[in-house]
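**Q** Okay, handing you the structure first.
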Amino acid sequence: MPAYKAYTIVEEARVSDTIAAAVIEHPRVEEVFEALKWLVARSPDKGTVVEHEGTSYRLIIFAPIRVAKNSQILAKYTVDDIIGEIIIHDVYVLPYADADAYAPEAFDLDA
């Protein structure tokens, strides 16, 4: 991949609609989605490659942090290295689940 400082993020309309609708049940979903976009824009190869109907997509899961109790987001995107663009085709917002959450040392108040 070329050494872009950050790829341009393009969201399909349904992605924006999904995030806007999820805010009602998951108040921090916008912050989580912004963090996901920041990460993918700088490290587009983070996602796992999957093939679907002849197209290579990447999937990434932004896991919840136990202390934040944030939602989990799964995003499906493609990368265009020639123009430095990432298109987010779909997102799925999952409610916080303690079993899926992690507790990084930096957030551990008892450490």
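Residue numbers start at 1 in each chain; chains themselves are named A, B, ... in the order of the structure tokens; ligands are numbered from 1 in the order shown.
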Residues near A:Ala13, anyone? I mean within 10 Å using only C-alpha atoms, not counting same-chain ones fewer than 5 positions away, as a ChimeraX atom specification.
**A** /A:18,88-90
**Q** Name the residues in contact with stretch 23-31 of chain A at a cut-off of 8 Å, using only C-alpha atoms, excluding same-chain residues fewer than 2 positions from it; report them as a ChimeraX atom specification.
**A** /A:19-21,33-35,70-71,93,95
**Q** How would the residues just picked look written out with N, CA and C atoms as a PDB file, in the first residue's frame?
**A**
```pdb
ATOM      1  N   ILE A  19     -25.772   4.840  11.585  1.00  0.00           N
ATOM      2  CA  ILE A  19     -25.146   5.468  12.763  1.00  0.00           C
ATOM      3  C   ILE A  19     -26.111   6.464  13.393  1.00  0.00           C
ATOM      4  N   ALA A  20     -26.773   7.273  12.580  1.00  0.00           N
ATOM      5  CA  ALA A  20     -27.722   8.271  13.114  1.00  0.00           C
ATOM      6  C   ALA A  20     -28.870   7.594  13.860  1.00  0.00           C
ATOM      7  N   ALA A  21     -29.367   6.489  13.342  1.00  0.00           N
ATOM      8  CA  ALA A  21     -30.465   5.776  13.997  1.00  0.00           C
ATOM      9  C   ALA A  21     -30.003   5.086  15.283  1.00  0.00           C
ATOM     10  N   PHE A  33     -17.668   5.301  16.194  1.00  0.00           N
ATOM     11  CA  PHE A  33     -17.536   5.273  14.738  1.00  0.00           C
ATOM     12  C   PHE A  33     -16.439   6.225  14.257  1.00  0.00           C
ATOM     13  N   GLU A  34     -16.333   7.392  14.872  1.00  0.00           N
ATOM     14  CA  GLU A  34     -15.254   8.321  14.515  1.00  0.00           C
ATOM     15  C   GLU A  34     -13.884   7.689  14.799  1.00  0.00           C
ATOM     16  N   ALA A  35     -13.775   6.980  15.912  1.00  0.00           N
ATOM     17  CA  ALA A  35     -12.515   6.299  16.243  1.00  0.00           C
ATOM     18  C   ALA A  35     -12.213   5.208  15.224  1.00  0.00           C
ATOM     19  N   ASN A  70     -18.994   1.044  25.669  1.00  0.00           N
ATOM     20  CA  ASN A  70     -19.395   1.513  24.346  1.00  0.00           C
ATOM     21  C   ASN A  70     -19.911   0.372  23.468  1.00  0.00           C
ATOM     22  N   SER A  71     -20.666   0.737  22.469  1.00  0.00           N
ATOM     23  CA  SER A  71     -21.186  -0.229  21.510  1.00  0.00           C
ATOM     24  C   SER A  71     -20.043  -0.838  20.713  1.00  0.00           C
ATOM     25  N   VAL A  93     -24.212  -2.079  14.232  1.00  0.00           N
ATOM     26  CA  VAL A  93     -23.992  -1.629  15.598  1.00  0.00           C
ATOM     27  C   VAL A  93     -24.573  -2.688  16.529  1.00  0.00           C
ATOM     28  N   PRO A  95     -25.059  -3.963  20.610  1.00  0.00           N
ATOM     29  CA  PRO A  95     -25.079  -3.408  21.959  1.00  0.00           C
ATOM     30  C   PRO A  95     -23.854  -3.858  22.760  1.00  0.00           C
TER      31      PRO A  95
END
```
**Q** Can you pull out the residues contacting A:Gln72? Cut-off 10 Å, using only C-alpha atoms, and skip same-chain residues under 5 positions away; I want them as a list in words.
**A**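 The residues that qualify are His26, Val29, Val32, Phe33, Ile61, Phe62, Ala63, Pro64, Ile65, Tyr92, Val93, Leu94, Pro95, Tyr96, Ala97, Asp100 and Ala101 of chain A.
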**Q** Using only C-alpha atoms, which residues sit within 12 Å of stretch 41-51 of chain A once same-chain residues fewer than 4 positions away are excluded, as a PyMOL selection string?
**A** chain A and resi 1-10+34-37+55-62+74-81+84-88
**Q** Would you compute the distance between atom CA of A:Ala68 and atom CA of A:Glu12? Give it in Å to one decimal.
**A**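 Straight-line distance from atom CA of A:Ala68 to atom CA of A:Glu12 works out to 27.6 Å.
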**Q** What residues in chain A get the DSSP label alpha helix (DSSP H)? Please answer as a list in words.
**A**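 Selecting the alpha helix (DSSP H) positions of chain A gives Ala13, Arg14, Val15, Ser16, Asp17, Thr18, Ile19, Ala20, Ala21, Ala22, Val29, Glu30, Glu31, Val32, Phe33, Glu34, Ala35, Leu36, Lys37, Trp38, Leu39, Val40, Ala41 and Arg42 of chain A.
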**Q** Residues as selected, N, CA and C atoms, written as a compact mmCIF listing (two decimals), in the first residue's frame, can you do that?
**A**
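And here's result_30.txt as it stands now:
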```
# COMPACT_ATOMS: atom_id res chain seq x y z
N ALA A 13 -24.55 6.21 1.96
CA ALA A 13 -25.67 6.85 2.67
C ALA A 13 -26.25 5.97 3.76
N ARG A 14 -26.35 4.68 3.50
CA ARG A 14 -26.95 3.79 4.51
C ARG A 14 -26.09 3.70 5.77
N VAL A 15 -24.78 3.91 5.62
CA VAL A 15 -23.88 3.89 6.78
C VAL A 15 -24.21 5.08 7.69
N SER A 16 -24.28 6.25 7.12
CA SER A 16 -24.63 7.45 7.89
C SER A 16 -26.00 7.30 8.55
N ASP A 17 -26.96 6.72 7.81
CA ASP A 17 -28.31 6.51 8.34
C ASP A 17 -28.29 5.52 9.52
N THR A 18 -27.51 4.47 9.39
CA THR A 18 -27.42 3.46 10.45
C THR A 18 -26.84 4.06 11.73
N ILE A 19 -25.77 4.84 11.58
CA ILE A 19 -25.15 5.47 12.76
C ILE A 19 -26.11 6.46 13.39
N ALA A 20 -26.77 7.27 12.58
CA ALA A 20 -27.72 8.27 13.11
C ALA A 20 -28.87 7.59 13.86
N ALA A 21 -29.37 6.49 13.34
CA ALA A 21 -30.47 5.78 14.00
C ALA A 21 -30.00 5.09 15.28
N ALA A 22 -28.76 4.64 15.32
CA ALA A 22 -28.24 3.90 16.48
C ALA A 22 -28.00 4.80 17.69
N VAL A 29 -22.23 5.87 20.14
CA VAL A 29 -21.91 5.22 18.88
C VAL A 29 -21.19 6.16 17.91
N GLU A 30 -21.53 7.43 17.91
CA GLU A 30 -20.84 8.36 17.00
C GLU A 30 -19.36 8.47 17.34
N GLU A 31 -19.04 8.53 18.63
CA GLU A 31 -17.63 8.60 19.04
C GLU A 31 -16.89 7.34 18.64
N VAL A 32 -17.52 6.21 18.83
CA VAL A 32 -16.90 4.93 18.47
C VAL A 32 -16.67 4.86 16.96
N PHE A 33 -17.67 5.30 16.19
CA PHE A 33 -17.54 5.27 14.74
C PHE A 33 -16.44 6.23 14.26
N GLU A 34 -16.33 7.39 14.87
CA GLU A 34 -15.25 8.32 14.52
C GLU A 34 -13.88 7.69 14.80
N ALA A 35 -13.78 6.98 15.91
CA ALA A 35 -12.52 6.30 16.24
C ALA A 35 -12.21 5.21 15.22
N LEU A 36 -13.24 4.47 14.82
CA LEU A 36 -13.06 3.43 13.80
C LEU A 36 -12.57 4.05 12.49
N LYS A 37 -13.19 5.14 12.08
CA LYS A 37 -12.78 5.80 10.83
C LYS A 37 -11.35 6.31 10.93
N TRP A 38 -10.98 6.88 12.07
CA TRP A 38 -9.62 7.38 12.27
C TRP A 38 -8.63 6.24 12.11
N LEU A 39 -8.92 5.10 12.72
CA LEU A 39 -8.02 3.96 12.64
C LEU A 39 -7.90 3.43 11.21
N VAL A 40 -9.01 3.24 10.55
CA VAL A 40 -9.01 2.68 9.19
C VAL A 40 -8.35 3.65 8.20
N ALA A 41 -8.55 4.94 8.38
CA ALA A 41 -7.94 5.92 7.47
C ALA A 41 -6.42 5.87 7.53
N ARG A 42 -5.89 5.53 8.68
CA ARG A 42 -4.43 5.50 8.86
C ARG A 42 -3.84 4.10 8.71
```
